[in-house]
>>> print(open('work.cif').read())   # mmCIF, C-alpha atoms
data_upload
loop_
_atom_site.label_atom_id
_atom_site.label_comp_id
_atom_site.auth_asym_id
_atom_site.auth_seq_id
_atom_site.Cartn_x
_atom_site.Cartn_y
_atom_site.Cartn_z
CA GLN P 39 128.95 34.82 180.24
CA LYS P 40 131.43 36.98 178.35
CA GLU P 41 135.09 36.83 179.34
CA VAL P 42 135.14 40.60 179.77
CA GLU P 43 132.14 42.63 180.87
CA GLN P 44 131.92 46.39 180.38
CA ASP P 45 128.94 48.68 180.79
CA PRO P 46 128.26 50.14 177.33
CA GLY P 47 126.82 53.37 178.68
CA PRO P 48 126.29 55.95 177.37
CA LEU P 49 127.79 57.87 180.27
CA SER P 50 127.24 61.61 180.32
CA VAL P 51 129.13 63.86 182.74
CA PRO P 52 129.70 67.61 183.09
CA GLU P 53 133.06 69.11 182.24
CA GLY P 54 135.49 68.88 185.15
CA ALA P 55 133.91 65.76 186.64
CA ILE P 56 135.83 62.66 187.67
CA VAL P 57 134.93 59.74 185.44
CA SER P 58 135.15 56.13 186.54
CA LEU P 59 135.11 53.39 183.92
CA ASN P 60 135.20 49.73 184.86
CA CYS P 61 135.53 46.21 183.52
CA THR P 62 135.22 42.83 185.13
CA TYR P 63 136.67 39.63 183.76
CA SER P 64 136.51 35.92 184.40
CA ASN P 65 139.80 34.54 183.07
CA SER P 66 142.38 34.49 185.86
CA ALA P 67 145.14 33.96 183.28
CA PHE P 68 144.93 37.58 182.12
CA GLN P 69 148.12 39.41 183.11
CA TYR P 70 148.16 42.48 180.86
CA PHE P 71 145.43 45.11 181.07
CA MET P 72 144.92 47.97 178.65
CA TRP P 73 142.60 50.90 178.15
CA TYR P 74 142.09 52.21 174.65
CA ARG P 75 140.24 55.34 173.59
CA GLN P 76 138.40 55.30 170.29
CA TYR P 77 136.96 58.36 168.63
CA SER P 78 134.19 57.91 166.12
CA ARG P 79 135.45 56.44 162.83
CA LYS P 80 139.02 56.15 164.13
CA GLY P 81 141.23 53.30 165.28
CA PRO P 82 141.72 52.66 169.03
CA GLU P 83 144.46 54.67 170.72
CA LEU P 84 146.37 53.16 173.65
CA LEU P 85 145.80 55.21 176.81
CA MET P 86 147.08 53.07 179.63
CA TYR P 87 148.80 49.75 179.98
CA THR P 88 149.29 47.82 183.23
CA TYR P 89 150.94 44.55 183.99
CA SER P 90 149.42 42.49 186.82
CA SER P 91 147.89 44.29 189.81
CA GLY P 92 148.39 47.84 190.96
CA ASN P 93 147.89 51.43 189.95
CA LYS P 94 149.36 53.48 187.17
CA GLU P 95 148.98 57.20 186.66
CA ASP P 96 149.57 59.27 183.55
CA GLY P 97 148.46 62.89 183.70
CA ARG P 98 144.70 62.99 184.23
CA PHE P 99 144.36 59.24 183.80
CA THR P 100 144.74 56.55 186.47
CA ALA P 101 144.41 52.84 185.80
CA GLN P 102 143.79 50.35 188.59
CA VAL P 103 143.92 46.57 188.46
CA ASP P 104 142.59 44.33 191.23
CA LYS P 105 143.33 40.78 190.17
CA SER P 106 141.86 39.30 193.34
CA SER P 107 138.48 40.75 192.37
CA LYS P 108 139.05 40.46 188.61
CA TYR P 109 138.21 44.13 188.27
CA ILE P 110 139.92 46.97 186.46
CA SER P 111 139.18 50.67 186.43
CA LEU P 112 140.12 53.80 184.56
CA PHE P 113 139.71 57.16 186.25
CA ILE P 114 139.71 60.42 184.33
CA ARG P 115 140.18 63.57 186.39
CA ASP P 116 139.07 67.03 185.30
CA SER P 117 137.24 65.58 182.33
CA GLN P 118 137.18 67.65 179.14
CA PRO P 119 134.82 67.65 176.15
CA SER P 120 137.75 66.25 174.13
CA ASP P 121 137.56 63.14 176.32
CA SER P 122 134.21 62.30 174.70
CA ALA P 123 134.86 58.95 173.04
CA THR P 124 134.38 55.24 173.49
CA TYR P 125 136.69 53.64 176.04
CA LEU P 126 137.61 50.02 175.51
CA CYS P 127 139.20 47.82 178.12
CA ALA P 128 141.33 44.99 176.80
CA MET P 129 143.36 42.23 178.36
CA SER P 130 145.71 39.44 177.38
CA THR P 131 147.50 36.50 178.90
CA GLY P 132 150.88 37.58 177.57
CA GLY P 133 152.56 40.65 176.16
CA GLY P 134 151.72 40.93 172.46
CA ASN P 135 149.21 38.10 172.64
CA LYS P 136 145.63 38.14 171.40
CA LEU P 137 143.53 40.81 173.11
CA THR P 138 140.11 40.22 174.60
CA PHE P 139 138.05 43.40 174.53
CA GLY P 140 135.15 44.70 176.52
CA THR P 141 132.22 46.07 174.57
CA GLY P 142 133.35 49.66 175.19
CA THR P 143 131.79 52.48 177.21
CA GLN P 144 130.61 55.55 175.36
CA LEU P 145 131.49 58.70 177.31
CA LYS P 146 130.19 62.19 176.67
CA VAL P 147 131.63 65.14 178.55
CA GLU P 148 129.31 68.12 178.29
CA LEU P 149 130.13 71.80 178.62
CA GLY W 92 154.85 52.58 170.97
CA ALA W 93 154.40 52.10 167.26
CA VAL W 94 152.93 54.25 164.50
CA VAL W 95 150.62 52.39 162.15
CA SER W 96 149.05 53.53 158.91
CA GLN W 97 146.32 52.02 156.76
CA HIS W 98 145.48 52.61 153.14
CA PRO W 99 142.97 53.42 151.90
CA SER W 100 141.13 55.16 154.72
CA TRP W 101 137.84 54.47 152.99
CA VAL W 102 136.73 52.59 149.91
CA ILE W 103 133.48 52.08 148.04
CA CYS W 104 133.22 49.16 145.67
CA LYS W 105 130.67 47.21 143.71
CA SER W 106 129.46 43.83 144.85
CA GLY W 107 131.61 41.03 143.47
CA THR W 108 134.84 43.00 143.27
CA SER W 109 137.94 42.48 145.42
CA VAL W 110 139.41 45.11 147.68
CA LYS W 111 142.92 45.24 149.13
CA ILE W 112 143.69 47.06 152.38
CA GLU W 113 147.27 47.80 153.42
CA CYS W 114 148.57 48.05 156.96
CA ARG W 115 152.01 49.53 157.50
CA SER W 116 154.10 49.75 160.64
CA LEU W 117 155.98 53.01 160.06
CA ASP W 118 158.56 52.98 162.84
CA PHE W 119 158.61 49.46 164.16
CA GLN W 120 159.35 46.02 162.82
CA ALA W 121 156.16 44.15 163.57
CA THR W 122 156.60 40.43 163.88
CA THR W 123 152.88 40.03 164.42
CA MET W 124 149.95 41.89 162.92
CA PHE W 125 146.28 41.47 163.71
CA TRP W 126 143.22 42.24 161.62
CA TYR W 127 139.91 43.25 163.19
CA ARG W 128 136.52 44.29 161.94
CA GLN W 129 134.12 46.51 163.79
CA PHE W 130 130.43 47.05 163.16
CA PRO W 131 128.70 50.26 164.30
CA LYS W 132 128.42 50.58 168.07
CA GLN W 133 130.13 47.24 168.60
CA SER W 134 133.54 46.26 169.88
CA LEU W 135 136.41 44.99 167.79
CA MET W 136 136.19 41.45 166.50
CA LEU W 137 139.49 39.71 165.78
CA MET W 138 139.56 38.19 162.32
CA ALA W 139 143.07 36.81 162.06
CA THR W 140 146.62 36.90 163.37
CA SER W 141 149.54 37.00 160.99
CA ASN W 142 153.20 36.47 161.68
CA GLU W 143 155.77 37.69 159.19
CA GLY W 144 156.57 35.01 156.66
CA SER W 145 153.89 32.60 157.88
CA LYS W 146 150.32 31.83 156.96
CA ALA W 147 147.72 33.74 158.92
CA THR W 148 145.73 32.10 161.70
CA TYR W 149 142.03 32.82 161.32
CA GLU W 150 139.46 33.04 164.08
CA GLN W 151 136.56 30.63 164.09
CA GLY W 152 133.89 31.68 161.64
CA VAL W 153 136.16 33.81 159.47
CA GLU W 154 136.47 32.51 155.91
CA LYS W 155 140.15 32.37 155.01
CA ASP W 156 139.38 32.13 151.29
CA LYS W 157 137.33 35.30 151.45
CA PHE W 158 139.67 37.35 153.63
CA LEU W 159 143.17 36.81 152.26
CA ILE W 160 145.97 38.02 154.50
CA ASN W 161 149.56 38.46 153.46
CA HIS W 162 152.31 39.50 155.88
CA ALA W 163 155.22 39.67 153.49
CA SER W 164 157.51 41.88 155.54
CA LEU W 165 158.00 43.23 159.04
CA THR W 166 156.35 46.49 158.05
CA LEU W 167 153.52 45.50 155.74
CA SER W 168 150.46 43.30 155.92
CA THR W 169 147.58 43.27 153.47
CA LEU W 170 143.98 42.15 153.79
CA THR W 171 142.14 41.36 150.57
CA VAL W 172 138.39 41.02 150.70
CA THR W 173 137.57 38.83 147.72
CA SER W 174 134.22 38.95 145.92
CA ALA W 175 132.95 41.52 148.35
CA HIS W 176 129.26 41.65 149.21
CA PRO W 177 127.22 44.28 151.06
CA GLU W 178 127.43 42.28 154.30
CA ASP W 179 131.22 42.75 154.19
CA SER W 180 130.72 46.48 154.64
CA SER W 181 132.46 47.31 157.89
CA PHE W 182 135.34 49.13 159.55
CA TYR W 183 138.56 47.13 159.21
CA ILE W 184 141.40 47.86 161.62
CA CYS W 185 144.88 46.40 161.86
CA SER W 186 147.22 46.36 164.82
CA VAL W 187 150.89 45.55 165.28
CA THR W 188 153.01 44.11 168.01
CA GLY W 189 156.45 42.63 168.42
CA THR W 190 159.02 41.33 170.82
CA SER W 191 159.77 44.74 172.32
CA LEU W 192 156.15 45.81 172.59
CA GLU W 193 153.94 44.58 175.39
CA THR W 194 150.65 45.32 173.74
CA GLN W 195 149.10 46.16 170.38
CA TYR W 196 149.09 49.47 168.55
CA PHE W 197 146.29 50.12 166.12
CA GLY W 198 146.00 51.71 162.72
CA PRO W 199 143.41 54.38 161.91
CA GLY W 200 141.08 51.90 160.21
CA THR W 201 139.61 51.47 156.74
CA ARG W 202 135.94 51.94 156.11
CA LEU W 203 134.61 49.61 153.40
CA LEU W 204 131.24 50.09 151.76
CA VAL W 205 130.10 47.48 149.28
CA LEU W 206 127.23 48.51 147.06
#
>>> encode(input="work.cif", output="structure tokens")
Amino acid sequence: QKEVEQDPGPLSVPEGAIVSLNCTYSNSAFQYFMWYRQYSRKGPELLMYTYSSGNKEDGRFTAQVDKSSKYISLFIRDSQPSDSATYLCAMSTGGGNKLTFGTGTQLKVEL
Amino acid sequence: GAVVSQHPSWVICKSGTSVKIECRSLDFQATTMFWYRQFPKQSLMLMATSNEGSKATYEQGVEKDKFLINHASLTLSTLTVTSAHPEDSSFYICSVTGTSLETQYFGPGTRLLVL
């Protein structure tokens, strides 16, 4: 069993839809949870960062962490074609420590 | 956050040659830099962790004599792929972090093609 599980997709949604991306994990020592967006042939770009449990909102993006269930989510509201990318969840046991990544979910937002 | 650059953005070389990739932290003094490789449609695989002024720590299965890492300053780390072979063709990405950053910030990546 992988430490972090993420559905690879691909996930295809119409423009304007709400997108829900999820990861589950097995290591209860993870304290820091990140979502990165990666466009084709580019490096990952940090979207959201959360420490411990709770919600965090930034514009159209909302990150949720449920440590009791070992489950994290990223919601994208009013999705746009420019959101089409691969979304990687990542987690670590300490700030700046080694990251453990999910496999990434490929998202396509269609006009 | 931190702004990270990599050079070159892509490189083609002949089998048997060595290739050096630079990773620069442009606006942040990075005490720690990471090197990853990524194959098509796969996630990032950590190759090594380097702390400024120290020898790099390599992940299991990564040949330290083949992938030479130097972290000579707080703003520069280099990855040298020695005697490159076609199976080394991949996307190499660095990231930086430090005491005032709570996560890693990534460079744009370097695409290596070994013929």
>>> atom_distance(input="work.cif", atom1="CA of Thr148 in chain W", atom2="CA of Cys104 in chain W")
26.5 Å
>>> atom_distance(input="work.cif", atom1="CA of Trp101 in chain W", atom2="CA of Thr201 in chain W")
5.1 Å
>>> closest_atom_pairs(input="work.cif", of="chain W", to="chain P", cutoff="7 Å", atoms="only C-alpha atoms", output="tab-separated table")
residue	atom	partner	partner_atom	distance
W:Gln133	CA	P:Thr141	CA	6.4
W:Ser134	CA	P:Thr141	CA	4.9
W:Ile184	CA	P:Gly81	CA	6.6
W:Thr188	CA	P:Gly134	CA	5.6
W:Gly189	CA	P:Gly134	CA	6.4
W:Leu192	CA	P:Gly134	CA	6.6
W:Glu193	CA	P:Gly133	CA	4.2
W:Thr194	CA	P:Gly134	CA	4.7
W:Gln195	CA	P:Gly134	CA	6.2
W:Tyr196	CA	P:Leu84	CA	6.9
W:Phe197	CA	P:Pro82	CA	6.0
W:Gly198	CA	P:Gly81	CA	5.6
W:Pro199	CA	P:Gly81	CA	4.2
W:Gly200	CA	P:Gly81	CA	5.3
>>> write_last_selection(input="work.cif", atoms="C-alpha atoms", output="PDB file, keeping the file's coordinate frame")
ATOM      1  CA  GLN W 133     130.130  47.240 168.600  1.00  0.00           C
ATOM      2  CA  SER W 134     133.540  46.260 169.880  1.00  0.00           C
ATOM      3  CA  ILE W 184     141.400  47.860 161.620  1.00  0.00           C
ATOM      4  CA  THR W 188     153.010  44.110 168.010  1.00  0.00           C
ATOM      5  CA  GLY W 189     156.450  42.630 168.420  1.00  0.00           C
ATOM      6  CA  LEU W 192     156.150  45.810 172.590  1.00  0.00           C
ATOM      7  CA  GLU W 193     153.940  44.580 175.390  1.00  0.00           C
ATOM      8  CA  THR W 194     150.650  45.320 173.740  1.00  0.00           C
ATOM      9  CA  GLN W 195     149.100  46.160 170.380  1.00  0.00           C
ATOM     10  CA  TYR W 196     149.090  49.470 168.550  1.00  0.00           C
ATOM     11  CA  PHE W 197     146.290  50.120 166.120  1.00  0.00           C
ATOM     12  CA  GLY W 198     146.000  51.710 162.720  1.00  0.00           C
ATOM     13  CA  PRO W 199     143.410  54.380 161.910  1.00  0.00           C
ATOM     14  CA  GLY W 200     141.080  51.900 160.210  1.00  0.00           C
TER      15      GLY W 200
END
>>> resolve_selection(input="work.cif", expression="the PyMOL selection byres ((chain P and resi 146) around 7)", output="list in words")
Leu49, Ser50, Val51, Ser122, Ala123, Gln144, Leu145, Val147 and Glu148 of chain P
>>> atom_distance(input="work.cif", atom1="CA of Ser174 in chain W", atom2="CA of Gln129 in chain W")
19.4 Å
>>> residues_around(input="work.cif", residues="Val102 in chain W", least_positions_apart="6", cutoff="12 Å", atoms="all atoms listed in the file", output="ChimeraX atom specification")
/W:108-112,172,175,180-183,200-206
>>> residues_around(input="work.cif", residues="Ala93 in chain W", least_positions_apart="2", cutoff="8 Å", atoms="all atoms listed in the file", output="VMD selection string")
chain W and resid 95 116 to 119 187 196
>>> residues_around(input="work.cif", residues="Lys155 in chain W", least_positions_apart="4", cutoff="12 Å", atoms="only C-alpha atoms", output="PyMOL selection string")
chain W and resi 138-140+146-151+159-161+170-173
>>> resolve_selection(input="work.cif", expression="the PyMOL selection byres ((chain P and resi 53) around 9)", output="ChimeraX atom specification")
/P:51-52,54-56,116-119,147-149
>>> resolve_selection(input="work.cif", expression="the PyMOL selection byres ((chain W and resi 98) around 6)", output="short mmCIF file (atom, residue, chain, number, x, y, z; two decimals) with C-alpha atoms, keeping the file's coordinate frame")
data_model
loop_
_atom_site.label_atom_id
_atom_site.label_comp_id
_atom_site.auth_asym_id
_atom_site.auth_seq_id
_atom_site.Cartn_x
_atom_site.Cartn_y
_atom_site.Cartn_z
CA GLN W 97 146.32 52.02 156.76
CA PRO W 99 142.97 53.42 151.90
CA SER W 100 141.13 55.16 154.72
CA ILE W 112 143.69 47.06 152.38
CA GLU W 113 147.27 47.80 153.42
#
>>> residues_near_point(input="work.cif", point="(138.4, 59.5, 183.5)", cutoff="7 Å", atoms="only C-alpha atoms", output="PyMOL selection string")
chain P and resi 56-59+99+112-115+117
>>> closest_residue(input="work.cif", among="W:Ser168, W:Ser191, W:Leu135, W:Ser106", to="Cys127 in chain P", atoms="only C-alpha atoms")
W:Leu135
>>> axis_aligned_box(input="work.cif", around="range 138-145 of chain P", padding_each_side="4 Å", output="JSON")
{"center_x": 135.4, "center_y": 49.5, "center_z": 175.9, "size_x": 17.5, "size_y": 26.5, "size_z": 10.8}
>>> closest_residue(input="work.cif", among="W:Lys132, W:Ser186, W:Gly144, W:Asp179", to="Gly47 in chain P", atoms="all atoms listed in the file")
W:Lys132
>>> closest_residue(input="work.cif", among="W:Glu178, W:Arg115, W:Pro131, W:Met136", to="Ala163 in chain W", atoms="only C-alpha atoms")
W:Arg115
>>> residues_around(input="work.cif", residues="Ser90 in chain P", least_positions_apart="4", cutoff="10 Å", atoms="all atoms listed in the file", output="PDB file with C-alpha atoms, keeping the file's coordinate frame")
ATOM      1  CA  PHE P  68     144.930  37.580 182.120  1.00  0.00           C
ATOM      2  CA  GLN P  69     148.120  39.410 183.110  1.00  0.00           C
ATOM      3  CA  TYR P  70     148.160  42.480 180.860  1.00  0.00           C
ATOM      4  CA  PHE P  71     145.430  45.110 181.070  1.00  0.00           C
ATOM      5  CA  GLN P 102     143.790  50.350 188.590  1.00  0.00           C
ATOM      6  CA  VAL P 103     143.920  46.570 188.460  1.00  0.00           C
ATOM      7  CA  ASP P 104     142.590  44.330 191.230  1.00  0.00           C
ATOM      8  CA  LYS P 105     143.330  40.780 190.170  1.00  0.00           C
TER       9      LYS P 105
END
>>> closest_residue(input="work.cif", among="P:Ser111, P:Gly92, P:Val42, P:Ser120", to="Asn65 in chain P", atoms="all atoms listed in the file")
P:Val42
